[in-house]
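Enquirer: A single structure is presented below for examination.
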Amino acid sequence: MSDTHAQSVAFVRESFIPEQAPPARETGAIRWVRHNLFPTIPNAILTLLALYVIYVLLSGLLPWLLGGVWNAGSLSECREITGAGAGGCFAVLTERWNQLIFGFAFPQTEYWRPLLAFVLLFVAGAPALLPDLPRRLLILTALYPFVAYWLLWGGTILTPVSAFLGVLAGYFAFKATDRWSFALSLGAAVVAAVAVWWVGGWVASQERDFLAIQRIQSRDMGGYMLNMILGTVCISLSLPFGILLALGRQSRLPLIKYVCVAFIEFVRGVPLITLLFVANVVLAYFLPPDTNFDLILRVIIMITMFASAYIAEVIRGGLAALPRGQYEAADSLGLDYAQAMRLIILPQALKISIPGIVNVAVGLFKDTTLVSIISMFDVVGMIRGPILASTDWNGVYWELYGFAALLFFVTCYGISQYSQWLERKLATEHR
Amino acid sequence: MKTTVFLGTASAAMLVAGLAGAQTLSDVQERGTLNCGVSTGLTGFSAPNASGEWEGFDVAVCRAVAAAVLDDPSAVEFVPTTGKTRFTSLASGEIDLLSRNTTWTFSRDNDLKFEFAGVNYYDGQGFLIPKELGVTSAKDLDGATVCVQTGTTTELNLADFFRKNNISYEPVPIETNGEAQQQYIAGACDAYTTDASGLAATRASFENPSEHVILPEIISKEPLGPLVRHGDSEWGDVVRWTLNALVAAEEYGVTSANVQDMASAPGDNPEVNRLLGTEGELGAMIGLDNDWAVKAISAGGNYGELFARHIGEDTPVGLARGLNAQWTNGGLLYAPPFR
């Protein structure tokens, strides 16, 4: 065999050369750098430029962060400590920490309550947000609004208990009459719930001190807590309302359809800040002088209206994306409208709408800072108002606004990561 | 049809608000707290401190009125208002009194239907410049770049001033006071103009305040004072004379330290006796106790004490009395006689 080419070729290798390591410039970090950072001359120039920009940014940022002062009583003290250094004055965050988180009027002894409510939010949110947990845990989610209300606003425990009993009574009334007709059982549920609420409200007004914790006025709430309250409540309320509006817009009944269309188009056509001004200022003209219609409640209603109009349009997109066959399949199975929506249409439409819904939710959460314009002290309101107006801290901008940005980034990035995880989890087709 | 119903409801609501507004004094006494509108935060004038207590020069007016009416300077429900919400809060009856560095102007008094109860601070628009510029008068600012907040009366006043003096300038429009501070420090403009009290507070927040000066020219009139709704003169009188009592107390040397002493028995000065209720029945004439002024003065002190504590020369704001001195010292403070 080896002699085959003896006449034509001078040398034929008869054994394999042992494998050799690739050249140094083609392995490991060097290869990565060559291929990713300096593959061509223009890219090399860009890389160098980028490195320079990063250096400039860091050389400004790091001394500011690392040389920062965390313990001082005022901006001038900060300046004495840093001297000519470039350190930031983060002492304002430590000194005004409670104000930034809870607002300035929230009683200090009660800080545990919003904190507990915050921790419970995860406990209660988990069953609704993580598909793997047993369905039975959803009872925690159902209980949470009442517990959170009691923790945040205080007062007698009878108020949230009777509110919960009312919802429970409505649920059982609905279940009991479910067989006859959807509209009838809905009416029965409303009647039962209102009856229980009315009795409960009367009992609660009689026994104001029964198992009561300190009552806290809405006006005393502030800081990041207020953003969290508004964000959580409005996002969770606007989702069901948005679904109803989206379904209503597709309804074959002209009345329902046009009411929904008018609502959605009107609310989407108006800036949120206008609605907030209406909540704060205009409503005050129409209500009798002594009614004290809670400001937070007014704002929650307005933001929820705003967000549900947007979510309705997002979900309408999801509904439109479903093939017609899905609707026909539901009809051919003999399902009625409610069953078809609940079992076949909505699960798919909502899944498609997740990115859009999360988009609205993140936007809405950031929009809660707009309440600072109508003189509520959310975290931005606290910074713009009391903290920058105090003679101690007048002139500290980057540290305070940077902190607010950090708070919002952490929350919004968390929401976004959750939604991406959920999308992967629910991806059942096209793979 | 719908419009008519809407307008009808609106006017009915206004009417109810108006009727209720005509008895603010008894409303406040019944409620036991005074709803006082203040700024959401203005250095030296109103801001909650680190422990959440409202304090400041405007806040002190609220406390004095609460003390006079309710005998308790802490019986105040502070309602923070922004420049955009302040007038509607007052007009709708949400607050009884607005004490929020509000300039007394013709249209606010007449068109917006409010009643100014007096002036607690005479402000005016000034200029802040770096000392190294070597300028001593605003008239030397020819060709300067000036930072000015857009959409305010300061912008118009600025244009008027430069046109009147036939010199040129280049405006650098900015949105908020915070932005203005940053721009000015960064050297984006040679001068910054806003109300003189605001300039003083801004300067106080600088790293080296002594390197900046406020020019002596004041180019506009900004009388700031507390205001109430039109149509309730009794309540307006209570606020007006509480403010006057604070001013008069300084004139006659009544301070928070000696007011109890002086009120315990009639003294030599009949004016002081009438003010403090040891002589005459002035309190009854405005529907309050005879020692209402004593309570108001004890709340935080007389006008001079309040000024010194919140915005005076020993505070970081560091304002001189200037126009806000007593008339006997060449200022504009002039309380009508108590008789």
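Order determines the names: the first chain of the structure tokens is A, the second B, and so forth; residues in each chain are numbered 1 upward, and ligands are numbered 1 upward as they are shown.
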Fewer than 2 positions away in the same chain doesn't count, so skip those; otherwise give me all residues within 12 Å of Asn166 in chain B, counting only C-alpha atoms, as a PyMOL selection string.

Expert: chain B and resi 139-143+159-164+168-169

Enquirer: Near chain B, meaning an atom within 9 Å, which residues of chain A appear when counting only C-alpha atoms? Write them as a PyMOL selection string.

Expert: chain A and resi 75-76+79+95-96+99+103-106+219+277+280-282+284-290+372-377+381-382+384-397

Enquirer: Ile415 in chain A: which residues within 12 Å, counting only C-alpha atoms, same-chain residues fewer than 6 positions away excluded, as a VMD selection string?

Expert: chain A and resid 129 231 to 232 235 354 to 355 357 to 363 365 408 to 409 421 to 422

Enquirer: Using only C-alpha atoms, determine which residues lie at most 8 Å from range 208-218 of chain A, disregarding the query and same-chain residues fewer than 3 positions distant; provide the list as a PDB file with N, CA and C atoms, in the first residue's frame.

Expert:
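Once everything was written out, this is out-v1.pdb:
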ATOM      1  N   PHE A 106     -45.831  59.216  58.139  1.00  0.00           N
ATOM      2  CA  PHE A 106     -46.217  57.882  58.587  1.00  0.00           C
ATOM      3  C   PHE A 106     -45.632  57.644  59.968  1.00  0.00           C
ATOM      4  N   LEU A 152     -52.246  48.444  56.195  1.00  0.00           N
ATOM      5  CA  LEU A 152     -51.803  49.766  55.762  1.00  0.00           C
ATOM      6  C   LEU A 152     -52.638  50.877  56.377  1.00  0.00           C
ATOM      7  N   TRP A 153     -53.960  50.718  56.370  1.00  0.00           N
ATOM      8  CA  TRP A 153     -54.803  51.818  56.837  1.00  0.00           C
ATOM      9  C   TRP A 153     -55.204  51.667  58.298  1.00  0.00           C
ATOM     10  N   GLY A 154     -55.125  50.438  58.826  1.00  0.00           N
ATOM     11  CA  GLY A 154     -55.433  50.236  60.235  1.00  0.00           C
ATOM     12  C   GLY A 154     -56.923  50.321  60.516  1.00  0.00           C
ATOM     13  N   GLY A 155     -57.261  50.627  61.762  1.00  0.00           N
ATOM     14  CA  GLY A 155     -58.662  50.648  62.174  1.00  0.00           C
ATOM     15  C   GLY A 155     -59.076  49.273  62.670  1.00  0.00           C
ATOM     16  N   THR A 156     -60.371  49.104  62.867  1.00  0.00           N
ATOM     17  CA  THR A 156     -60.836  47.829  63.402  1.00  0.00           C
ATOM     18  C   THR A 156     -60.746  46.736  62.344  1.00  0.00           C
ATOM     19  N   ILE A 157     -60.512  45.520  62.824  1.00  0.00           N
ATOM     20  CA  ILE A 157     -60.376  44.400  61.889  1.00  0.00           C
ATOM     21  C   ILE A 157     -61.728  44.041  61.279  1.00  0.00           C
ATOM     22  N   LEU A 158     -62.819  44.577  61.884  1.00  0.00           N
ATOM     23  CA  LEU A 158     -64.150  44.229  61.386  1.00  0.00           C
ATOM     24  C   LEU A 158     -64.367  44.719  59.956  1.00  0.00           C
ATOM     25  N   ALA A 204     -69.120  47.476  61.961  1.00  0.00           N
ATOM     26  CA  ALA A 204     -67.797  48.083  62.099  1.00  0.00           C
ATOM     27  C   ALA A 204     -67.896  49.503  62.637  1.00  0.00           C
ATOM     28  N   SER A 205     -68.959  50.231  62.249  1.00  0.00           N
ATOM     29  CA  SER A 205     -69.075  51.598  62.740  1.00  0.00           C
ATOM     30  C   SER A 205     -69.490  51.611  64.212  1.00  0.00           C
ATOM     31  N   MET A 221     -49.539  58.778  53.989  1.00  0.00           N
ATOM     32  CA  MET A 221     -48.743  57.779  53.280  1.00  0.00           C
ATOM     33  C   MET A 221     -47.867  58.482  52.264  1.00  0.00           C
ATOM     34  N   ASP A 294     -61.570  59.870  49.932  1.00  0.00           N
ATOM     35  CA  ASP A 294     -60.138  59.617  50.087  1.00  0.00           C
ATOM     36  C   ASP A 294     -59.339  59.913  48.815  1.00  0.00           C
ATOM     37  N   LEU A 295     -58.279  60.697  48.969  1.00  0.00           N
ATOM     38  CA  LEU A 295     -57.508  61.118  47.797  1.00  0.00           C
ATOM     39  C   LEU A 295     -56.840  59.931  47.120  1.00  0.00           C
ATOM     40  N   ILE A 296     -56.275  59.017  47.917  1.00  0.00           N
ATOM     41  CA  ILE A 296     -55.610  57.854  47.314  1.00  0.00           C
ATOM     42  C   ILE A 296     -56.625  57.045  46.522  1.00  0.00           C
TER      43      ILE A 296
END

Enquirer: Any chance you could list, as a PyMOL selection string, the residues in range 272-429 of chain A that come up alpha helix (DSSP H) when DSSP is run on the backbone?

Expert: chain A and resi 272-277+283-286+295-321+324-332+337-340+346-367+379-382+388-389+398-426

Enquirer: Using only C-alpha atoms, which of the listed residues (B:Gly287, B:Gly331, B:Pro337, B:Pro171) sits closest to Val69 in chain B?

Expert: B:Gly287

Enquirer: Show which residues sit within 10 Å of Ser264 in chain B, as an MDAnalysis selection string. Count only C-alpha atoms, and ignore same-chain residues fewer than 6 positions away.

Expert: chainID B and resid 276:278

Enquirer: Hey, what's within 10 Å of Pro114 in chain A if we count only C-alpha atoms and toss same-chain stuff fewer than 2 positions away? As a JSON list (two decimals) with C-alpha atoms, in the first residue's frame, please?

Expert:
[["chain", "number", "residue", "atom", "x", "y", "z"],
["A", 102, "PHE", "CA", -42.58, 55.67, 53.97],
["A", 110, "GLU", "CA", -45.97, 51.46, 62.60],
["A", 111, "TYR", "CA", -43.28, 50.92, 59.96],
["A", 112, "TRP", "CA", -43.55, 47.16, 60.49],
["A", 116, "LEU", "CA", -45.16, 43.03, 56.61],
["A", 117, "ALA", "CA", -47.64, 43.86, 53.86],
["A", 118, "PHE", "CA", -44.73, 43.97, 51.41],
["A", 119, "VAL", "CA", -43.43, 40.55, 52.48],
["A", 120, "LEU", "CA", -46.94, 39.10, 52.39],
["A", 148, "ALA", "CA", -53.03, 44.44, 53.24],
["A", 149, "TYR", "CA", -55.77, 47.04, 53.58],
["A", 151, "LEU", "CA", -52.20, 46.55, 57.73],
["A", 152, "LEU", "CA", -51.80, 49.77, 55.76],
["A", 153, "TRP", "CA", -54.80, 51.82, 56.84],
["A", 225, "MET", "CA", -44.49, 52.80, 49.74],
["A", 229, "ILE", "CA", -49.41, 50.74, 46.78]]

Enquirer: Env of Asp237 in chain B: 12 Å cut, atoms = only C-alpha atoms, seq-sep filter 6 positions within chain, self excluded. Answer as a PyMOL selection string.

Expert: chain B and resi 24-25+65+69+115-118+226-231+243-245+283+285-288

Enquirer: Using the selection just defined, write its residues with C-alpha atoms as a CSV table (one decimal), in the first residue's frame.

Expert:
chain,number,residue,atom,x,y,z
B,24,THR,CA,-65.4,79.1,58.2
B,25,LEU,CA,-64.6,80.3,61.7
B,65,VAL,CA,-54.0,81.3,63.4
B,69,VAL,CA,-58.7,80.2,67.0
B,115,GLU,CA,-59.1,87.8,49.8
B,116,PHE,CA,-55.5,88.5,50.7
B,117,ALA,CA,-55.2,88.9,54.5
B,118,GLY,CA,-52.1,91.0,54.3
B,226,PRO,CA,-51.9,84.4,53.3
B,227,LEU,CA,-55.2,84.3,51.6
B,228,VAL,CA,-58.8,83.1,52.2
B,229,ARG,CA,-61.9,82.7,50.1
B,230,HIS,CA,-64.0,85.7,49.0
B,231,GLY,CA,-67.3,86.1,50.8
B,243,LEU,CA,-51.0,88.6,61.2
B,244,ASN,CA,-51.3,92.2,62.3
B,245,ALA,CA,-51.0,91.1,65.9
B,283,GLY,CA,-61.4,89.5,71.0
B,285,MET,CA,-65.3,91.7,68.1
B,286,ILE,CA,-63.8,89.0,65.9
B,287,GLY,CA,-65.5,86.2,67.6
B,288,LEU,CA,-62.5,84.9,69.6

Enquirer: Between B:Leu90, B:Phe114, B:Asn101, B:Asp72, which one has atoms that come closest to Ser233 in chain B, using only C-alpha atoms?

Expert: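 For Ser233 in chain B, the nearest of the candidates is B:Phe114.
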
Enquirer: Go through B:Leu323, B:Leu97, B:Val213, B:Ala68 and flag the residue nearest Val38 in chain B, using only C-alpha atoms for the distances.

Expert: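 Of all the options, B:Leu97 lies closest to Val38 in chain B.
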
Enquirer: State, in Å with one decimal place, the distance from CA of Tyr334 in chain B to CA of Val247 in chain B.

Expert: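 Separation of CA of Tyr334 in chain B and CA of Val247 in chain B: 7.5 Å.
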
Enquirer: What is the distance, in Å and to one decimal place, between CA of Gly325 in chain A and CA of Ala349 in chain A?

Expert: 13.5 Å
